[in-house]
Each structure stands twice: as structure tokens, then as C-alpha cells.
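Asks: My structure is stored as structure_38.cif, with mmCIF, C-alpha atoms.
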data_run
loop_
_atom_site.group_PDB
_atom_site.id
_atom_site.type_symbol
_atom_site.label_atom_id
_atom_site.label_comp_id
_atom_site.auth_asym_id
_atom_site.auth_seq_id
_atom_site.Cartn_x
_atom_site.Cartn_y
_atom_site.Cartn_z
ATOM 1 C CA MET P 1 41.945 19.469 33.209
ATOM 2 C CA THR P 2 38.288 18.492 33.052
ATOM 3 C CA ARG P 3 36.304 21.362 34.573
ATOM 4 C CA ILE P 4 33.302 20.154 36.562
ATOM 5 C CA ASP P 5 30.239 22.025 37.759
ATOM 6 C CA ALA P 6 29.349 19.865 40.755
ATOM 7 C CA HIS P 7 25.845 21.193 41.380
ATOM 8 C CA HIS P 8 22.996 22.079 39.051
ATOM 9 C CA HIS P 9 19.341 21.235 38.488
ATOM 10 C CA ILE P 10 16.814 20.917 35.679
ATOM 11 C CA TRP P 11 13.031 21.202 35.856
ATOM 12 C CA ARG P 12 9.835 21.690 33.877
ATOM 13 C CA PRO P 13 7.155 22.985 36.267
ATOM 14 C CA MET P 14 3.516 22.435 35.432
ATOM 15 C CA SER P 15 2.891 26.152 35.915
ATOM 16 C CA ALA P 16 5.629 27.235 33.517
ATOM 17 C CA PRO P 17 4.534 29.607 30.722
ATOM 18 C CA HIS P 18 5.439 28.984 27.080
ATOM 19 C CA PRO P 19 6.140 25.225 27.292
ATOM 20 C CA THR P 20 9.206 24.065 25.419
ATOM 21 C CA THR P 21 9.387 21.053 23.162
ATOM 22 C CA GLY P 22 12.019 18.381 22.844
ATOM 23 C CA SER P 23 13.862 16.290 25.400
ATOM 24 C CA GLY P 24 13.724 17.240 29.034
ATOM 25 C CA PRO P 25 12.220 16.168 32.338
ATOM 26 C CA ARG P 26 8.479 15.594 32.325
ATOM 27 C CA ARG P 27 6.264 18.247 33.853
ATOM 28 C CA ARG P 28 5.926 18.069 37.632
ATOM 29 C CA ALA P 29 4.439 20.242 40.346
ATOM 30 C CA HIS P 30 7.090 22.479 41.910
ATOM 31 C CA SER P 31 5.201 24.293 44.644
ATOM 32 C CA TRP P 32 8.387 25.975 45.876
ATOM 33 C CA LEU P 33 8.510 27.870 42.573
ATOM 34 C CA ASP P 34 5.077 29.407 43.201
ATOM 35 C CA ALA P 35 6.478 32.070 45.532
ATOM 36 C CA PRO P 36 6.446 35.529 43.887
ATOM 37 C CA GLU P 37 10.205 35.944 44.222
ATOM 38 C CA MET P 38 10.735 32.773 42.139
ATOM 39 C CA ALA P 39 8.807 34.068 39.111
ATOM 40 C CA SER P 40 11.922 34.606 36.980
ATOM 41 C CA VAL P 41 12.894 30.914 37.192
ATOM 42 C CA ARG P 42 9.353 29.515 36.980
ATOM 43 C CA ARG P 43 9.965 28.142 33.503
ATOM 44 C CA ASP P 44 11.566 25.200 31.791
ATOM 45 C CA PHE P 45 15.270 24.472 32.282
ATOM 46 C CA THR P 46 16.682 21.484 30.423
ATOM 47 C CA LEU P 47 20.071 19.913 29.832
ATOM 48 C CA ALA P 48 20.103 21.502 26.377
ATOM 49 C CA ASP P 49 19.726 24.918 28.031
ATOM 50 C CA LEU P 50 22.579 24.136 30.414
ATOM 51 C CA ALA P 51 24.851 22.896 27.623
ATOM 52 C CA ARG P 52 24.854 26.349 26.058
ATOM 53 C CA GLU P 53 25.854 27.904 29.388
ATOM 54 C CA THR P 54 28.629 25.438 30.163
ATOM 55 C CA ALA P 55 30.123 25.713 26.695
ATOM 56 C CA ALA P 56 30.378 29.499 27.032
ATOM 57 C CA ALA P 57 31.913 29.238 30.518
ATOM 58 C CA GLY P 58 34.442 26.502 29.756
ATOM 59 C CA ILE P 59 32.784 23.803 31.897
ATOM 60 C CA ASP P 60 33.190 20.248 30.593
ATOM 61 C CA ARG P 61 31.099 18.002 32.862
ATOM 62 C CA THR P 62 28.427 18.423 35.516
ATOM 63 C CA ILE P 63 26.662 16.808 38.457
ATOM 64 C CA LEU P 64 22.859 16.862 38.137
ATOM 65 C CA VAL P 65 21.146 17.188 41.527
ATOM 66 C CA GLN P 66 17.622 16.183 42.562
ATOM 67 C CA VAL P 67 14.985 18.847 43.078
ATOM 68 C CA LEU P 68 11.945 16.962 44.368
ATOM 69 C CA PRO P 69 11.708 14.194 46.994
ATOM 70 C CA GLU P 70 10.640 11.644 44.399
ATOM 71 C CA THR P 71 12.458 8.526 43.248
ATOM 72 C CA ASP P 72 10.648 8.842 39.915
ATOM 73 C CA GLU P 73 12.427 12.133 39.319
ATOM 74 C CA THR P 74 15.767 10.498 40.155
ATOM 75 C CA ALA P 75 15.120 7.624 37.730
ATOM 76 C CA GLU P 76 14.190 10.116 35.014
ATOM 77 C CA PHE P 77 17.304 12.201 35.672
ATOM 78 C CA LEU P 78 19.467 9.083 35.327
ATOM 79 C CA ALA P 79 17.813 8.180 32.039
ATOM 80 C CA LEU P 80 18.321 11.710 30.708
ATOM 81 C CA ALA P 81 21.914 11.937 31.965
ATOM 82 C CA VAL P 82 23.071 8.741 30.295
ATOM 83 C CA ARG P 83 22.097 10.178 26.916
ATOM 84 C CA THR P 84 24.519 13.112 27.139
ATOM 85 C CA ASP P 85 28.262 13.487 27.600
ATOM 86 C CA LEU P 86 27.692 16.549 29.759
ATOM 87 C CA VAL P 87 26.468 14.869 32.967
ATOM 88 C CA ALA P 88 29.092 12.856 34.833
ATOM 89 C CA GLY P 89 26.926 11.942 37.814
ATOM 90 C CA VAL P 90 23.498 12.300 39.412
ATOM 91 C CA VAL P 91 22.659 13.119 43.027
ATOM 92 C CA GLY P 92 19.279 11.501 43.585
ATOM 93 C CA TRP P 93 16.621 11.177 46.266
ATOM 94 C CA ALA P 94 15.460 8.165 48.237
ATOM 95 C CA ASP P 95 13.589 7.884 51.521
ATOM 96 C CA LEU P 96 16.308 7.418 54.144
ATOM 97 C CA THR P 97 13.767 6.239 56.717
ATOM 98 C CA SER P 98 12.249 3.512 54.550
ATOM 99 C CA ASN P 99 12.744 -0.136 55.483
ATOM 100 C CA SER P 100 13.113 -0.861 51.770
ATOM 101 C CA LEU P 101 15.843 1.718 51.128
ATOM 102 C CA SER P 102 18.357 -0.928 50.096
ATOM 103 C CA ASP P 103 15.951 -2.276 47.470
ATOM 104 C CA THR P 104 15.170 1.249 46.256
ATOM 105 C CA LEU P 105 18.861 2.044 45.758
ATOM 106 C CA ALA P 106 19.424 -1.269 43.996
ATOM 107 C CA ALA P 107 16.516 -0.544 41.649
ATOM 108 C CA LEU P 108 17.896 2.901 40.835
ATOM 109 C CA ARG P 109 21.355 1.456 40.207
ATOM 110 C CA SER P 110 19.914 -1.136 37.804
ATOM 111 C CA ALA P 111 17.681 1.360 35.945
ATOM 112 C CA PRO P 112 18.782 3.017 32.676
ATOM 113 C CA GLY P 113 21.683 5.307 33.556
ATOM 114 C CA GLY P 114 21.900 3.838 37.051
ATOM 115 C CA GLU P 115 25.680 3.699 36.848
ATOM 116 C CA LEU P 116 25.626 7.516 37.042
ATOM 117 C CA LEU P 117 24.019 7.592 40.501
ATOM 118 C CA VAL P 118 26.741 8.968 42.778
ATOM 119 C CA SER P 119 24.977 10.350 45.839
ATOM 120 C CA ILE P 120 21.676 10.688 47.697
ATOM 121 C CA ARG P 121 20.220 13.925 49.063
ATOM 122 C CA HIS P 122 17.289 14.838 51.288
ATOM 123 C CA LEU P 123 15.915 18.368 51.715
ATOM 124 C CA VAL P 124 17.020 18.564 55.341
ATOM 125 C CA GLN P 125 16.753 22.360 55.224
ATOM 126 C CA SER P 126 12.963 21.949 55.117
ATOM 127 C CA GLU P 127 12.764 19.668 58.164
ATOM 128 C CA PRO P 128 11.304 21.505 61.197
ATOM 129 C CA ASP P 129 13.309 19.352 63.628
ATOM 130 C CA PRO P 130 16.873 20.794 63.755
ATOM 131 C CA ASP P 131 18.076 17.384 64.978
ATOM 132 C CA TRP P 132 16.435 15.417 62.140
ATOM 133 C CA LEU P 133 19.758 14.094 60.882
ATOM 134 C CA ASN P 134 20.405 12.477 64.264
ATOM 135 C CA ARG P 135 17.277 10.337 64.255
ATOM 136 C CA PRO P 136 18.062 6.586 64.551
ATOM 137 C CA ASP P 137 16.047 5.767 61.415
ATOM 138 C CA VAL P 138 17.965 8.421 59.461
ATOM 139 C CA HIS P 139 21.310 7.047 60.653
ATOM 140 C CA ARG P 140 20.179 3.564 59.660
ATOM 141 C CA GLY P 141 19.394 4.886 56.190
ATOM 142 C CA LEU P 142 22.738 6.634 55.919
ATOM 143 C CA HIS P 143 24.495 3.372 56.789
ATOM 144 C CA THR P 144 22.585 1.802 53.884
ATOM 145 C CA VAL P 145 23.713 4.593 51.546
ATOM 146 C CA ALA P 146 27.315 3.969 52.583
ATOM 147 C CA ALA P 147 26.943 0.212 52.052
ATOM 148 C CA ALA P 148 25.692 0.931 48.525
ATOM 149 C CA GLY P 149 28.933 2.776 47.764
ATOM 150 C CA LEU P 150 27.234 6.143 47.392
ATOM 151 C CA ALA P 151 27.963 9.544 48.916
ATOM 152 C CA TYR P 152 25.425 11.697 50.756
ATOM 153 C CA ASP P 153 24.811 15.384 50.034
ATOM 154 C CA LEU P 154 24.071 17.513 53.101
ATOM 155 C CA LEU P 155 21.537 20.263 52.394
ATOM 156 C CA THR P 156 21.368 22.097 55.713
ATOM 157 C CA LEU P 157 20.917 25.530 57.211
ATOM 158 C CA PRO P 158 23.387 26.857 59.806
ATOM 159 C CA HIS P 159 21.182 25.956 62.778
ATOM 160 C CA GLN P 160 21.194 22.327 61.578
ATOM 161 C CA LEU P 161 24.988 22.079 61.496
ATOM 162 C CA PRO P 162 25.335 20.674 65.059
ATOM 163 C CA ALA P 163 23.230 17.676 64.021
ATOM 164 C CA ALA P 164 25.261 17.355 60.812
ATOM 165 C CA ILE P 165 28.511 17.356 62.795
ATOM 166 C CA ALA P 166 27.253 14.623 65.130
ATOM 167 C CA THR P 167 25.993 12.564 62.184
ATOM 168 C CA VAL P 168 29.246 12.815 60.263
ATOM 169 C CA ARG P 169 31.169 11.726 63.347
ATOM 170 C CA ALA P 170 28.831 8.748 63.761
ATOM 171 C CA LEU P 171 29.297 7.554 60.159
ATOM 172 C CA PRO P 172 32.999 7.721 59.299
ATOM 173 C CA GLU P 173 32.496 5.180 56.502
ATOM 174 C CA LEU P 174 30.193 7.517 54.538
ATOM 175 C CA THR P 175 31.394 10.346 52.292
ATOM 176 C CA PHE P 176 29.400 13.532 52.936
ATOM 177 C CA VAL P 177 29.239 16.538 50.602
ATOM 178 C CA LEU P 178 28.033 19.814 52.115
ATOM 179 C CA ASP P 179 25.942 21.820 49.656
ATOM 180 C CA HIS P 180 26.089 25.626 49.461
ATOM 181 C CA LEU P 181 28.347 26.023 52.530
ATOM 182 C CA SER P 182 25.182 25.315 54.569
ATOM 183 C CA LYS P 183 23.714 28.618 53.360
ATOM 184 C CA PRO P 184 25.486 31.134 55.624
ATOM 185 C CA PRO P 185 23.779 34.502 56.337
ATOM 186 C CA ILE P 186 25.825 36.428 53.768
ATOM 187 C CA ALA P 187 23.215 39.136 53.276
ATOM 188 C CA ARG P 188 23.420 39.982 56.989
ATOM 189 C CA GLY P 189 27.219 39.821 57.032
ATOM 190 C CA GLU P 190 27.256 37.461 60.020
ATOM 191 C CA LEU P 191 30.120 34.974 60.227
ATOM 192 C CA GLN P 192 29.397 33.452 63.630
ATOM 193 C CA PRO P 193 28.341 30.931 64.738
ATOM 194 C CA TRP P 194 28.394 29.598 61.151
ATOM 195 C CA ALA P 195 32.199 29.818 60.790
ATOM 196 C CA SER P 196 32.915 27.916 64.014
ATOM 197 C CA LEU P 197 30.444 25.203 63.072
ATOM 198 C CA ILE P 198 31.916 24.877 59.573
ATOM 199 C CA ARG P 199 35.371 24.383 61.069
ATOM 200 C CA GLN P 200 34.026 21.651 63.368
ATOM 201 C CA LEU P 201 32.389 19.920 60.409
ATOM 202 C CA ALA P 202 35.526 20.234 58.289
ATOM 203 C CA ALA P 203 37.571 18.603 61.056
ATOM 204 C CA GLN P 204 35.962 15.321 59.990
ATOM 205 C CA PRO P 205 37.970 13.930 57.059
ATOM 206 C CA ASN P 206 34.966 12.291 55.358
ATOM 207 C CA VAL P 207 33.309 15.635 54.511
ATOM 208 C CA PHE P 208 33.649 17.631 51.294
ATOM 209 C CA CYS P 209 32.124 21.050 50.603
ATOM 210 C CA LYS P 210 30.659 22.787 47.571
ATOM 211 C CA LEU P 211 31.604 26.364 46.750
ATOM 212 C CA SER P 212 28.071 26.960 45.570
ATOM 213 C CA GLY P 213 24.868 28.812 46.327
ATOM 214 C CA MET P 214 26.617 31.930 47.589
ATOM 215 C CA VAL P 215 25.228 34.533 45.194
ATOM 216 C CA THR P 216 21.636 33.785 46.210
ATOM 217 C CA GLU P 217 22.452 34.062 49.920
ATOM 218 C CA ALA P 218 23.910 37.555 49.410
ATOM 219 C CA GLU P 219 22.159 40.802 48.521
ATOM 220 C CA ARG P 220 20.727 40.093 45.094
ATOM 221 C CA ASP P 221 20.850 43.584 43.600
ATOM 222 C CA HIS P 222 24.485 43.025 42.658
ATOM 223 C CA VAL P 223 27.200 40.470 43.338
ATOM 224 C CA SER P 224 29.639 41.915 45.884
ATOM 225 C CA MET P 225 32.941 40.084 46.073
ATOM 226 C CA ALA P 226 33.661 41.854 49.361
ATOM 227 C CA ALA P 227 30.530 40.291 50.845
ATOM 228 C CA LEU P 228 31.227 36.789 49.514
ATOM 229 C CA ARG P 229 34.958 36.523 50.158
ATOM 230 C CA PRO P 230 34.950 36.113 53.984
ATOM 231 C CA TYR P 231 32.665 33.069 53.694
ATOM 232 C CA ALA P 232 34.623 31.512 50.857
ATOM 233 C CA ASP P 233 37.862 32.106 52.756
ATOM 234 C CA VAL P 234 36.522 30.367 55.883
ATOM 235 C CA ALA P 235 35.417 27.335 53.868
ATOM 236 C CA LEU P 236 38.620 27.124 51.831
ATOM 237 C CA ASP P 237 40.746 27.415 54.965
ATOM 238 C CA ALA P 238 38.664 24.836 56.839
ATOM 239 C CA PHE P 239 38.346 22.201 54.116
ATOM 240 C CA GLY P 240 41.347 22.982 51.931
ATOM 241 C CA PRO P 241 41.121 23.006 48.111
ATOM 242 C CA GLU P 242 41.363 19.203 48.054
ATOM 243 C CA ARG P 243 37.920 18.986 49.718
ATOM 244 C CA MET P 244 36.239 21.956 48.004
ATOM 245 C CA MET P 245 34.394 21.781 44.678
ATOM 246 C CA PHE P 246 32.740 24.382 42.492
ATOM 247 C CA GLY P 247 28.997 24.246 41.890
ATOM 248 C CA SER P 248 26.853 26.769 40.031
ATOM 249 C CA ASP P 249 23.442 25.932 41.537
ATOM 250 C CA TRP P 250 21.985 26.747 38.115
ATOM 251 C CA PRO P 251 19.232 27.688 37.457
ATOM 252 C CA VAL P 252 18.592 28.875 41.041
ATOM 253 C CA CYS P 253 21.661 31.114 40.687
ATOM 254 C CA LEU P 254 19.849 33.079 37.970
ATOM 255 C CA LEU P 255 17.886 34.814 40.718
ATOM 256 C CA ALA P 256 21.112 36.707 41.413
ATOM 257 C CA ALA P 257 23.550 36.254 38.525
ATOM 258 C CA PRO P 258 23.910 34.577 35.110
ATOM 259 C CA TYR P 259 25.826 31.320 34.773
ATOM 260 C CA GLU P 260 29.032 32.808 33.354
ATOM 261 C CA GLU P 261 29.169 35.348 36.176
ATOM 262 C CA VAL P 262 28.763 32.633 38.817
ATOM 263 C CA VAL P 263 31.716 30.774 37.289
ATOM 264 C CA ALA P 264 33.729 34.008 37.180
ATOM 265 C CA VAL P 265 32.902 34.716 40.839
ATOM 266 C CA ALA P 266 34.210 31.288 41.861
ATOM 267 C CA GLU P 267 37.353 31.847 39.821
ATOM 268 C CA ASP P 268 37.869 35.206 41.535
ATOM 269 C CA LEU P 269 37.297 33.721 45.007
ATOM 270 C CA THR P 270 39.956 31.065 44.310
ATOM 271 C CA ALA P 271 42.413 33.325 42.480
ATOM 272 C CA GLY P 272 44.864 33.167 45.394
ATOM 273 C CA LEU P 273 45.260 29.403 45.108
ATOM 274 C CA THR P 274 47.943 27.679 43.090
ATOM 275 C CA GLU P 275 47.079 26.275 39.673
ATOM 276 C CA ALA P 276 47.058 22.766 41.142
ATOM 277 C CA GLU P 277 44.726 23.837 43.938
ATOM 278 C CA ARG P 278 42.320 25.511 41.513
ATOM 279 C CA SER P 279 42.322 22.299 39.490
ATOM 280 C CA GLU P 280 41.057 20.533 42.598
ATOM 281 C CA VAL P 281 38.234 23.007 43.186
ATOM 282 C CA PHE P 282 37.163 22.986 39.534
ATOM 283 C CA GLY P 283 37.335 19.249 38.942
ATOM 284 C CA GLY P 284 39.609 17.014 40.981
ATOM 285 C CA THR P 285 37.671 17.207 44.236
ATOM 286 C CA ALA P 286 34.315 16.377 42.633
ATOM 287 C CA ALA P 287 35.857 13.453 40.759
ATOM 288 C CA ARG P 288 37.191 11.976 44.007
ATOM 289 C CA ALA P 289 34.218 12.692 46.257
ATOM 290 C CA TYR P 290 31.736 11.256 43.783
ATOM 291 C CA ARG P 291 34.040 8.503 42.522
ATOM 292 C CA LEU P 292 33.632 9.592 38.935
ATOM 293 C CA ARG P 293 35.167 7.636 36.088
ATOM 294 C CA LYS P 294 38.954 7.807 35.986
ATOM 295 C CA ASP P 295 38.950 9.081 32.389
ATOM 296 C CA LEU P 296 37.326 12.399 33.328
#
Hey, can you dump this file as C-alpha cells for me?
Replies:
Amino acid sequence: MTRIDAHHHIWRPMSAPHPTTGSGPRRRAHSWLDAPEMASVRRDFTLADLARETAAAGIDRTILVQVLPETDETAEFLALAVRTDLVAGVVGWADLTSNSLSDTLAALRSAPGGELLVSIRHLVQSEPDPDWLNRPDVHRGLHTVAAAGLAYDLLTLPHQLPAAIATVRALPELTFVLDHLSKPPIARGELQPWASLIRQLAAQPNVFCKLSGMVTEAERDHVSMAALRPYADVALDAFGPERMMFGSDWPVCLLAAPYEEVVAVAEDLTAGLTEAERSEVFGGTAARAYRLRKDL
């Protein structure tokens, strides 16, 4: 079985100390990394860095996910990804509300590495309007994403799930992938209303979900399986292993746990599944949702 990490990032912030040399993304401003609590990850993270982590953890392929709302970053990620066997697909960014979205997607698909573009993502979690996903111009853009044969990654917070549910229902032709379980309040130990909303979202057959981002939503002093398990169990029960995929959220996960531990946590949370079901979570689901090459 090809083991896939379906969610990771790379970056080289302008403010990073001790610049590295060699291949990697060009330096960009990452204002979100300026917060004091982000100091430990305010440095360079490249595909070469990730390759060492995946090799140690037994991960074969990955999905590289956009960080900034810039098409230039997406084009650069595609060009970097095509030069390595590690990256099987790229989740990029494009302006969903733009009248030229179709042309933008076509340009990305025809750029170096464009065949690796598998999905589009917007930082919905940062939108002040909880109903942003339901805007007519956003729906128009999502229809364009579907017509381009791409998936769409949902990056939402729990209070934005009602809009996500309505949007998914309105676009049955589009494959959606929910990132980080919509960031449930694990640190507070609250299951509701998140759990009910997740079950409503999972009732739509065109939605997949990533078992990712959990360790950074919990208390960060130590990884507590007892704290994580109720949320993983809700998601696994709602979506089923055939619509769940593992993602590390590296290097963000390093705020709470090293890469190998994040993989081990996911393996522990899915230990009650059959071997075939675990194969789905650690590879098969991502391959189907993102329409990865059949030889993976």
C-alpha cells in the first residue's frame, strides 16, 4: 500500500532566522507567523526537510497544500512538486470570486507541474462573514472549479459549518475535502454543536474529511489520546474510513508534536479499524478524492 500524507505545507518566511540554501520556495511575507506563539515554526521548511520526516515515518507520497492566497505561490509549488517523487498532488489557491477564474485555473494547469494540481482552497476560516461560502459569486467560482475537474478543500471553523453544509448540498457535482475536521474545540472538550454539524456535512456523499490538525487544537503541553479520540470517533463514524484520509499538517503540527508522533497518533486513533479500512485512511481515500494517478 502507498501511504499518503494528504496535508502538509512548505514555506520560507522573509523573517526567518538562519536562511537555508538550496531548492525551496522563494521567500515571502507570512504575517500569520509573526505571532509570538508561532516563533518555533518561523523558519524555513522545504520539501527536503519533509522527505526526511516521511522516510522515518513510512510515508510514501504527500499532498502539498497552499499557505498564502497567491496564485504565484501555487505555480511555484507545482514547479517544485513536479521535480520530486514525494509530492503526488498540490492543493492550490485561486480567487473564487474572480470573473477570470476559469482562465486562471487553465493557466495553472498548463504551467510546469500543472498536472499535479488536484484541488483549490481558500482560507475561509479567516473570513469574518460566517456565510461567506454561500455568496453567489463564491458558488459561481465553485462551479468553475468543478468544471475544471478539480476538488475543493474546505478550511472552516465550526461556526462556518452551516454555510459549508448548504454549499455542499448546492454543488453535488463538486468533490469537497474538509480540512482538520473543521477545527473542533478539542482543548475545551466540547463535542456539540460540532459533532451534529459534522454528521450533517458527512450525510452529503460528495464530501471527504482529513484526519488532520487535531494535535494543535488540543492542549499543547502533551498529546492526550483521551482528548483526541472522541473527535476522531465522531468523524470516522460519520464519514466512514472510505471518506477519511490522514494528514499531518506539517510543519504546523510541530507546535504540538513531531511528525513521527503525529503519524503514530493517527495510527492509534484508527487501530480499531480493519487492515483494509486503515489502508483507505492512509492512502486509498486520498487517491480517490484527489484523483491521483492509478499507479500510486
Asks: Given the PyMOL selection byres ((chain P and resi 61-77) around 9) and the file above, list the residues it selects as a ChimeraX atom specification.
Replies: /P:2-11,25-26,28,30,54,59-60,78-82,85-95,104,108,111-114,117-123,247,283,286,296
Asks: Ranking P:Arg278, P:Arg109, P:Arg83, P:Arg288 by minimum distance to Val145 in chain P and counting all atoms listed in the file, which one comes first?
Replies: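 For Val145 in chain P, the nearest of the given residues is P:Arg109.
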Asks: Which residues come within 10 Å of range 254-263 of chain P, counting all atoms listed in the file, excluding same-chain residues fewer than 6 positions away, as a count of residues only?
Replies: 31
Asks: I'd like the interatomic distance between CA of Arg27 in chain P and CA of Asp179 in chain P, to a tenth of an Å.
Replies: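 If I compute the distance from CA of Arg27 in chain P to CA of Asp179 in chain P, I get 25.5 Å.
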Asks: From the list P:Ser15, P:Val138, P:Ser102, P:Ala151, which residue is nearest Trp32 in chain P when using all atoms listed in the file?
Replies: P:Ser15
Asks: Show me, as number ranges by chain, the residues that have an atom within 7 Å of Ser182 in chain P when counting only C-alpha atoms, minus same-chain residues fewer than 6 positions from it.
Replies: P: 155-158
Asks: For this structure, which residues satisfy the selection - the PyMOL selection byres ((chain P and resi 237) around 12) - when it is evaluated on the file as given? I want them as number ranges by chain.
Replies: P: 195-196, 198-199, 202-203, 209, 229-236, 238-244, 270, 272-273
Asks: For range 193-209 of chain P, what centre and edge lengths in Å (one decimal) does the axis-aligned box get once 3 Å is added on each side of all its listed atoms, as lines of an AutoDock Vina configuration file?
Replies:
center_x = 33.2
center_y = 21.6
center_z = 57.7
size_x = 15.6
size_y = 24.6
size_z = 20.1
Asks: Starting from the displayed file, determine the output of the PyMOL selection byres ((chain P and resi 45) around 8) and express the residue list as a count of residues only.
Replies: 10
Asks: To one decimal place, how far is CA of His143 in chain P from CA of Phe176 in chain P in Å?
Replies: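 Separating CA of His143 in chain P from CA of Phe176 in chain P is a distance of 11.9 Å.
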Asks: Can you work out which one of P:Ala106, P:Leu201, P:Leu116, P:Ala166 has the shortest atom-to-atom distance to Trp132 in chain P, counting all atoms listed in the file?
Replies: P:Ala166
